[in-house]
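Presented below is the structure to which this report refers.
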Amino acid sequence: MSELLGRVLDRHRHNIVLLSRFVVVGGLGVLVNMAVLIMLRRIGPHFDDAVFPLGGSGFHLRWYHVFSTVAFLVANLSNFLLNRHWTFRSAAHSAWWREYWPFLAVGLVGQGIGLALLTLLMHPHSFLSLPADVLDNSSGWRTRLYWAQLIVIVVTTPLTFLLNKVWTFASVRDVHRQGSRSSAPEEPSLPR
């Protein structure tokens, strides 16, 4: 059994290292995201106020959607720069814009899913609503918005890792593939 586990670990060691680095960058991104969210909550309007009412449904575009999106954009750029230079080490292999647009697109997919989840966690009549009696917004630790944002980040991170590895930072894989082909011995040519 341990021999099988050893072979599996050897086979996937590179992916485990990448995932570990991605998690570290993600942890820093969480700190950036939460710092921006906390700042916006303190200087902006009340996070539960409607920015744009959507009929009588009670599901409106609220300030917490705006705060979450701004926090995402700042953290996304920070994470991109760290992932590009440290996690996937693709800076020497691909142009900045060529990688940033897919990274942003992947992040926006995650943010879209996250905003839907955030709405469900924050709306008092949702089946996923965080308990208002415990998270009554009386202190930082009891602020529903902060806990909802953390839950969103935890849920969307595995999806964004996978999409970024497969799509955004694919140029690194392409360079490794080309390098392994060029380092392979050439087939002797037949005389003509």
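Letters for chains follow the order of the structure tokens (A, B, ...), residue numbers begin at 1 for each chain, and ligand numbers begin at 1 in the order shown.
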Exercise. Mind checking DSSP for chain A and telling me the helix (DSSP H, G or I) residues as number ranges by chain?
Worked result: A: 2-43, 63-87, 96-122, 140-142, 144-168, 170-183
For this session: Would you mind listing what lies within 10 Å of segment 96-102 of chain A as a list in words, with only C-alpha atoms counted and same-chain residues fewer than 2 positions away left out?
Result: Asn76, Leu77, Phe80, Leu81, Arg84, Ser90, Ala91, Ala92, His93, Ser94, Leu104, Ala105, Val106, Gly107, Leu108, Leu163, Asn164, Trp167, Thr168, Phe169, Ala170 and Ser171 of chain A
Take the residues from that selection and write them out as a PDB file, in the first residue's frame, keeping N, CA, C and O atoms.
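Result went into part11.pdb, see below:
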```
ATOM      1  N   ASN A  76      -7.709  39.607  -7.276  1.00  0.00           N
ATOM      2  CA  ASN A  76      -7.447  38.885  -8.510  1.00  0.00           C
ATOM      3  C   ASN A  76      -6.150  39.357  -9.157  1.00  0.00           C
ATOM      4  O   ASN A  76      -5.338  38.539  -9.588  1.00  0.00           O
ATOM      5  N   LEU A  77      -5.955  40.663  -9.225  1.00  0.00           N
ATOM      6  CA  LEU A  77      -4.725  41.201  -9.806  1.00  0.00           C
ATOM      7  C   LEU A  77      -3.511  40.797  -8.973  1.00  0.00           C
ATOM      8  O   LEU A  77      -2.488  40.368  -9.506  1.00  0.00           O
ATOM      9  N   PHE A  80      -2.869  37.118  -9.527  1.00  0.00           N
ATOM     10  CA  PHE A  80      -2.318  36.875 -10.855  1.00  0.00           C
ATOM     11  C   PHE A  80      -0.819  37.116 -10.870  1.00  0.00           C
ATOM     12  O   PHE A  80      -0.048  36.291 -11.365  1.00  0.00           O
ATOM     13  N   LEU A  81      -0.411  38.250 -10.331  1.00  0.00           N
ATOM     14  CA  LEU A  81       1.015  38.582 -10.349  1.00  0.00           C
ATOM     15  C   LEU A  81       1.835  37.543  -9.586  1.00  0.00           C
ATOM     16  O   LEU A  81       2.885  37.098 -10.058  1.00  0.00           O
ATOM     17  N   ARG A  84       1.733  34.142 -11.503  1.00  0.00           N
ATOM     18  CA  ARG A  84       2.518  34.236 -12.738  1.00  0.00           C
ATOM     19  C   ARG A  84       4.012  34.115 -12.455  1.00  0.00           C
ATOM     20  O   ARG A  84       4.737  33.437 -13.172  1.00  0.00           O
ATOM     21  N   SER A  90       5.422  31.532 -15.223  1.00  0.00           N
ATOM     22  CA  SER A  90       5.139  31.658 -16.654  1.00  0.00           C
ATOM     23  C   SER A  90       5.560  33.008 -17.220  1.00  0.00           C
ATOM     24  O   SER A  90       5.410  33.233 -18.419  1.00  0.00           O
ATOM     25  N   ALA A  91       6.087  33.898 -16.397  1.00  0.00           N
ATOM     26  CA  ALA A  91       6.394  35.257 -16.849  1.00  0.00           C
ATOM     27  C   ALA A  91       7.364  35.272 -18.030  1.00  0.00           C
ATOM     28  O   ALA A  91       7.238  36.102 -18.925  1.00  0.00           O
ATOM     29  N   ALA A  92       8.306  34.341 -18.058  1.00  0.00           N
ATOM     30  CA  ALA A  92       9.282  34.319 -19.145  1.00  0.00           C
ATOM     31  C   ALA A  92       8.744  33.638 -20.402  1.00  0.00           C
ATOM     32  O   ALA A  92       9.370  33.703 -21.451  1.00  0.00           O
ATOM     33  N   HIS A  93       7.588  33.002 -20.294  1.00  0.00           N
ATOM     34  CA  HIS A  93       7.087  32.194 -21.397  1.00  0.00           C
ATOM     35  C   HIS A  93       5.894  32.789 -22.135  1.00  0.00           C
ATOM     36  O   HIS A  93       5.536  32.304 -23.200  1.00  0.00           O
ATOM     37  N   SER A  94       5.272  33.797 -21.557  1.00  0.00           N
ATOM     38  CA  SER A  94       4.057  34.324 -22.169  1.00  0.00           C
ATOM     39  C   SER A  94       3.897  35.798 -21.811  1.00  0.00           C
ATOM     40  O   SER A  94       4.316  36.238 -20.733  1.00  0.00           O
ATOM     41  N   LEU A 104      -8.344  36.631 -15.516  1.00  0.00           N
ATOM     42  CA  LEU A 104      -9.478  37.459 -15.121  1.00  0.00           C
ATOM     43  C   LEU A 104     -10.795  36.777 -15.494  1.00  0.00           C
ATOM     44  O   LEU A 104     -11.740  36.772 -14.702  1.00  0.00           O
ATOM     45  N   ALA A 105     -10.853  36.181 -16.686  1.00  0.00           N
ATOM     46  CA  ALA A 105     -12.085  35.491 -17.110  1.00  0.00           C
ATOM     47  C   ALA A 105     -12.417  34.337 -16.163  1.00  0.00           C
ATOM     48  O   ALA A 105     -13.570  34.169 -15.753  1.00  0.00           O
ATOM     49  N   VAL A 106     -11.402  33.555 -15.787  1.00  0.00           N
ATOM     50  CA  VAL A 106     -11.609  32.464 -14.829  1.00  0.00           C
ATOM     51  C   VAL A 106     -12.084  33.036 -13.497  1.00  0.00           C
ATOM     52  O   VAL A 106     -13.025  32.528 -12.881  1.00  0.00           O
ATOM     53  N   GLY A 107     -11.438  34.107 -13.061  1.00  0.00           N
ATOM     54  CA  GLY A 107     -11.843  34.746 -11.807  1.00  0.00           C
ATOM     55  C   GLY A 107     -13.263  35.268 -11.855  1.00  0.00           C
ATOM     56  O   GLY A 107     -14.012  35.169 -10.886  1.00  0.00           O
ATOM     57  N   LEU A 108     -13.660  35.825 -13.002  1.00  0.00           N
ATOM     58  CA  LEU A 108     -15.023  36.340 -13.141  1.00  0.00           C
ATOM     59  C   LEU A 108     -16.057  35.220 -13.103  1.00  0.00           C
ATOM     60  O   LEU A 108     -17.145  35.405 -12.565  1.00  0.00           O
ATOM     61  N   LEU A 163      -9.125  25.592 -13.469  1.00  0.00           N
ATOM     62  CA  LEU A 163      -9.246  26.328 -14.728  1.00  0.00           C
ATOM     63  C   LEU A 163      -7.986  27.123 -15.048  1.00  0.00           C
ATOM     64  O   LEU A 163      -7.560  27.189 -16.211  1.00  0.00           O
ATOM     65  N   ASN A 164      -7.347  27.714 -14.029  1.00  0.00           N
ATOM     66  CA  ASN A 164      -6.112  28.464 -14.276  1.00  0.00           C
ATOM     67  C   ASN A 164      -4.971  27.546 -14.679  1.00  0.00           C
ATOM     68  O   ASN A 164      -4.182  27.869 -15.566  1.00  0.00           O
ATOM     69  N   TRP A 167      -5.934  26.278 -18.344  1.00  0.00           N
ATOM     70  CA  TRP A 167      -6.108  27.245 -19.421  1.00  0.00           C
ATOM     71  C   TRP A 167      -5.149  28.423 -19.323  1.00  0.00           C
ATOM     72  O   TRP A 167      -4.352  28.676 -20.226  1.00  0.00           O
ATOM     73  N   THR A 168      -5.181  29.160 -18.236  1.00  0.00           N
ATOM     74  CA  THR A 168      -4.449  30.417 -18.144  1.00  0.00           C
ATOM     75  C   THR A 168      -2.944  30.239 -18.268  1.00  0.00           C
ATOM     76  O   THR A 168      -2.287  30.939 -19.024  1.00  0.00           O
ATOM     77  N   PHE A 169      -2.406  29.302 -17.506  1.00  0.00           N
ATOM     78  CA  PHE A 169      -0.953  29.146 -17.464  1.00  0.00           C
ATOM     79  C   PHE A 169      -0.496  27.959 -18.310  1.00  0.00           C
ATOM     80  O   PHE A 169       0.510  27.325 -18.032  1.00  0.00           O
ATOM     81  N   ALA A 170      -1.208  27.688 -19.373  1.00  0.00           N
ATOM     82  CA  ALA A 170      -0.883  26.577 -20.267  1.00  0.00           C
ATOM     83  C   ALA A 170       0.428  26.807 -21.004  1.00  0.00           C
ATOM     84  O   ALA A 170       1.076  25.856 -21.420  1.00  0.00           O
ATOM     85  N   SER A 171       0.852  28.055 -21.149  1.00  0.00           N
ATOM     86  CA  SER A 171       2.087  28.338 -21.876  1.00  0.00           C
ATOM     87  C   SER A 171       3.278  27.655 -21.223  1.00  0.00           C
ATOM     88  O   SER A 171       4.208  27.247 -21.900  1.00  0.00           O
TER      89      SER A 171
END
```
For this session: Counting only C-alpha atoms, figure out which residue out of A:Ser78, A:Ser68, A:Asn15, A:Gln111 gets nearest to Thr157 of chain A.
Result: A:Gln111
For this session: With a distance cut-off of 12 Å and only C-alpha atoms, select the neighbouring residues of Thr69 of chain A, excluding the residue or stretch itself and same-chain residues fewer than 5 positions from it, and output the selection as a ChimeraX atom specification.
Result: /A:33-34,36-37,40,61-64,74-76,107-116,118,149,152
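Atom CA of His123 of chain A sits 7.5 Å away from atom CA of Phe59 of chain A.
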Problem set entry | Test item: residues at most 12 Å from Asn137 of chain A, only C-alpha atoms, excluding those fewer than 2 positions along its chain, as a list in words | Arg41, His46, Phe47, Asp48, Met122, Leu130, Pro131, Ala132, Asp133, Val134, Leu135, Ser139, Gly140, Trp141, Arg142, Thr143, Arg144, Leu145, Tyr146 and Trp147 of chain A
For the residues selected in the previous step, produce a file with N, CA and C atoms as a PDB file, in the first residue's frame.
```pdb
ATOM      1  N   ARG A  41     -16.533  48.310   3.566  1.00  0.00           N
ATOM      2  CA  ARG A  41     -17.658  48.256   4.496  1.00  0.00           C
ATOM      3  C   ARG A  41     -17.606  49.433   5.460  1.00  0.00           C
ATOM      4  N   HIS A  46     -24.175  51.235   4.002  1.00  0.00           N
ATOM      5  CA  HIS A  46     -24.428  49.957   4.678  1.00  0.00           C
ATOM      6  C   HIS A  46     -24.484  48.848   3.639  1.00  0.00           C
ATOM      7  N   PHE A  47     -23.795  47.761   3.907  1.00  0.00           N
ATOM      8  CA  PHE A  47     -23.636  46.701   2.914  1.00  0.00           C
ATOM      9  C   PHE A  47     -24.938  46.011   2.521  1.00  0.00           C
ATOM     10  N   ASP A  48     -25.965  46.094   3.356  1.00  0.00           N
ATOM     11  CA  ASP A  48     -27.229  45.429   3.049  1.00  0.00           C
ATOM     12  C   ASP A  48     -28.206  46.322   2.276  1.00  0.00           C
ATOM     13  N   MET A 122     -26.429  35.620   2.414  1.00  0.00           N
ATOM     14  CA  MET A 122     -26.779  36.895   3.051  1.00  0.00           C
ATOM     15  C   MET A 122     -28.284  37.151   3.119  1.00  0.00           C
ATOM     16  N   LEU A 130     -27.023  32.642   6.449  1.00  0.00           N
ATOM     17  CA  LEU A 130     -26.258  32.534   7.694  1.00  0.00           C
ATOM     18  C   LEU A 130     -27.131  33.007   8.856  1.00  0.00           C
ATOM     19  N   PRO A 131     -27.005  32.401  10.016  1.00  0.00           N
ATOM     20  CA  PRO A 131     -27.885  32.747  11.144  1.00  0.00           C
ATOM     21  C   PRO A 131     -27.659  34.172  11.643  1.00  0.00           C
ATOM     22  N   ALA A 132     -28.704  34.989  11.569  1.00  0.00           N
ATOM     23  CA  ALA A 132     -28.615  36.396  11.970  1.00  0.00           C
ATOM     24  C   ALA A 132     -28.551  36.556  13.487  1.00  0.00           C
ATOM     25  N   ASP A 133     -29.002  35.565  14.233  1.00  0.00           N
ATOM     26  CA  ASP A 133     -28.937  35.684  15.690  1.00  0.00           C
ATOM     27  C   ASP A 133     -27.501  35.523  16.192  1.00  0.00           C
ATOM     28  N   VAL A 134     -26.698  34.705  15.519  1.00  0.00           N
ATOM     29  CA  VAL A 134     -25.292  34.537  15.891  1.00  0.00           C
ATOM     30  C   VAL A 134     -24.439  35.600  15.204  1.00  0.00           C
ATOM     31  N   LEU A 135     -24.652  35.759  13.908  1.00  0.00           N
ATOM     32  CA  LEU A 135     -23.900  36.738  13.125  1.00  0.00           C
ATOM     33  C   LEU A 135     -24.755  38.000  12.996  1.00  0.00           C
ATOM     34  N   SER A 139     -19.958  42.943  15.883  1.00  0.00           N
ATOM     35  CA  SER A 139     -18.501  43.100  15.908  1.00  0.00           C
ATOM     36  C   SER A 139     -17.938  42.483  14.633  1.00  0.00           C
ATOM     37  N   GLY A 140     -16.639  42.649  14.424  1.00  0.00           N
ATOM     38  CA  GLY A 140     -16.004  42.091  13.229  1.00  0.00           C
ATOM     39  C   GLY A 140     -16.183  40.592  13.109  1.00  0.00           C
ATOM     40  N   TRP A 141     -16.008  39.873  14.213  1.00  0.00           N
ATOM     41  CA  TRP A 141     -16.153  38.417  14.215  1.00  0.00           C
ATOM     42  C   TRP A 141     -17.595  37.970  14.036  1.00  0.00           C
ATOM     43  N   ARG A 142     -18.533  38.863  14.251  1.00  0.00           N
ATOM     44  CA  ARG A 142     -19.946  38.492  14.137  1.00  0.00           C
ATOM     45  C   ARG A 142     -20.615  39.143  12.923  1.00  0.00           C
ATOM     46  N   THR A 143     -19.798  39.547  11.956  1.00  0.00           N
ATOM     47  CA  THR A 143     -20.327  40.192  10.755  1.00  0.00           C
ATOM     48  C   THR A 143     -20.630  39.134   9.692  1.00  0.00           C
ATOM     49  N   ARG A 144     -21.893  39.019   9.336  1.00  0.00           N
ATOM     50  CA  ARG A 144     -22.327  38.027   8.342  1.00  0.00           C
ATOM     51  C   ARG A 144     -21.572  38.171   7.027  1.00  0.00           C
ATOM     52  N   LEU A 145     -21.369  39.399   6.581  1.00  0.00           N
ATOM     53  CA  LEU A 145     -20.708  39.635   5.303  1.00  0.00           C
ATOM     54  C   LEU A 145     -19.308  39.018   5.284  1.00  0.00           C
ATOM     55  N   TYR A 146     -18.558  39.159   6.361  1.00  0.00           N
ATOM     56  CA  TYR A 146     -17.194  38.621   6.384  1.00  0.00           C
ATOM     57  C   TYR A 146     -17.204  37.101   6.291  1.00  0.00           C
ATOM     58  N   TRP A 147     -18.088  36.457   7.035  1.00  0.00           N
ATOM     59  CA  TRP A 147     -18.170  34.996   7.002  1.00  0.00           C
ATOM     60  C   TRP A 147     -18.681  34.508   5.652  1.00  0.00           C
TER      61      TRP A 147
END
```
Problem set entry | Long-range neighbours of segment 20-22 of chain A as a list in words, 10 Å cut-off, only C-alpha atoms, 5 positions minimum in chain | His14, Asn15, Gly27, Leu28, Asn79, Leu82, Asn83, Trp86, Thr87, Phe88, Thr157, Pro158, Phe161 and Lys165 of chain A
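Closest approach to Leu73 of chain A among A:Val30, A:Ile16, A:Pro53, A:Leu120 is made by A:Val30 (distances from only C-alpha atoms).
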Exercise. In terms of the shortest atom-to-atom distance over only C-alpha atoms, which of A:His65, A:Asp136, A:Val166, A:Asp10 is closest to Leu117 of chain A?
Worked result: A:His65
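Across the model, the gap from atom CA of Leu150 of chain A to atom CA of Gly44 of chain A is 19.8 Å.
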Output as a JSON list (two decimals) with all heavy atoms, in the first residue's frame all residues of segment 12-144 of chain A that backbone DSSP marks as strand (DSSP E or B).
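Output saved as result.json:
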```json
[["chain", "number", "residue", "atom", "x", "y", "z"],
["A", 50, "ALA", "N", -29.86, 48.35, -0.78],
["A", 50, "ALA", "CA", -29.98, 48.04, -2.21],
["A", 50, "ALA", "C", -29.32, 49.15, -3.03],
["A", 50, "ALA", "O", -29.54, 50.33, -2.79],
["A", 50, "ALA", "CB", -31.43, 47.88, -2.60],
["A", 51, "VAL", "N", -28.51, 48.74, -3.98],
["A", 51, "VAL", "CA", -27.93, 49.67, -4.96],
["A", 51, "VAL", "C", -28.92, 49.83, -6.10],
["A", 51, "VAL", "O", -29.17, 50.92, -6.58],
["A", 51, "VAL", "CB", -26.60, 49.14, -5.52],
["A", 51, "VAL", "CG1", -26.05, 50.04, -6.61],
["A", 51, "VAL", "CG2", -25.58, 48.95, -4.42],
["A", 52, "PHE", "N", -29.50, 48.70, -6.49],
["A", 52, "PHE", "CA", -30.44, 48.67, -7.61],
["A", 52, "PHE", "C", -31.52, 47.64, -7.29],
["A", 52, "PHE", "O", -31.25, 46.44, -7.25],
["A", 52, "PHE", "CB", -29.69, 48.27, -8.89],
["A", 52, "PHE", "CG", -30.54, 48.29, -10.12],
["A", 52, "PHE", "CD1", -30.88, 49.47, -10.73],
["A", 52, "PHE", "CD2", -31.01, 47.10, -10.66],
["A", 52, "PHE", "CE1", -31.66, 49.49, -11.88],
["A", 52, "PHE", "CE2", -31.80, 47.09, -11.80],
["A", 52, "PHE", "CZ", -32.12, 48.29, -12.41],
["A", 61, "LEU", "N", -29.66, 44.01, -6.21],
["A", 61, "LEU", "CA", -28.24, 44.26, -6.27],
["A", 61, "LEU", "C", -27.94, 45.12, -5.04],
["A", 61, "LEU", "O", -28.47, 46.21, -4.90],
["A", 61, "LEU", "CB", -27.85, 45.00, -7.55],
["A", 61, "LEU", "CG", -26.39, 45.42, -7.66],
["A", 61, "LEU", "CD1", -25.48, 44.20, -7.67],
["A", 61, "LEU", "CD2", -26.17, 46.24, -8.90],
["A", 62, "ARG", "N", -27.14, 44.59, -4.15],
["A", 62, "ARG", "CA", -26.87, 45.27, -2.87],
["A", 62, "ARG", "C", -25.41, 45.71, -2.82],
["A", 62, "ARG", "O", -24.58, 45.26, -3.60],
["A", 62, "ARG", "CB", -27.21, 44.35, -1.71],
["A", 62, "ARG", "CG", -28.67, 43.97, -1.68],
["A", 62, "ARG", "CD", -29.08, 43.30, -0.39],
["A", 62, "ARG", "NE", -30.48, 42.92, -0.42],
["A", 62, "ARG", "CZ", -31.48, 43.73, -0.12],
["A", 62, "ARG", "NH1", -31.25, 44.97, 0.24],
["A", 62, "ARG", "NH2", -32.73, 43.30, -0.17]]
```
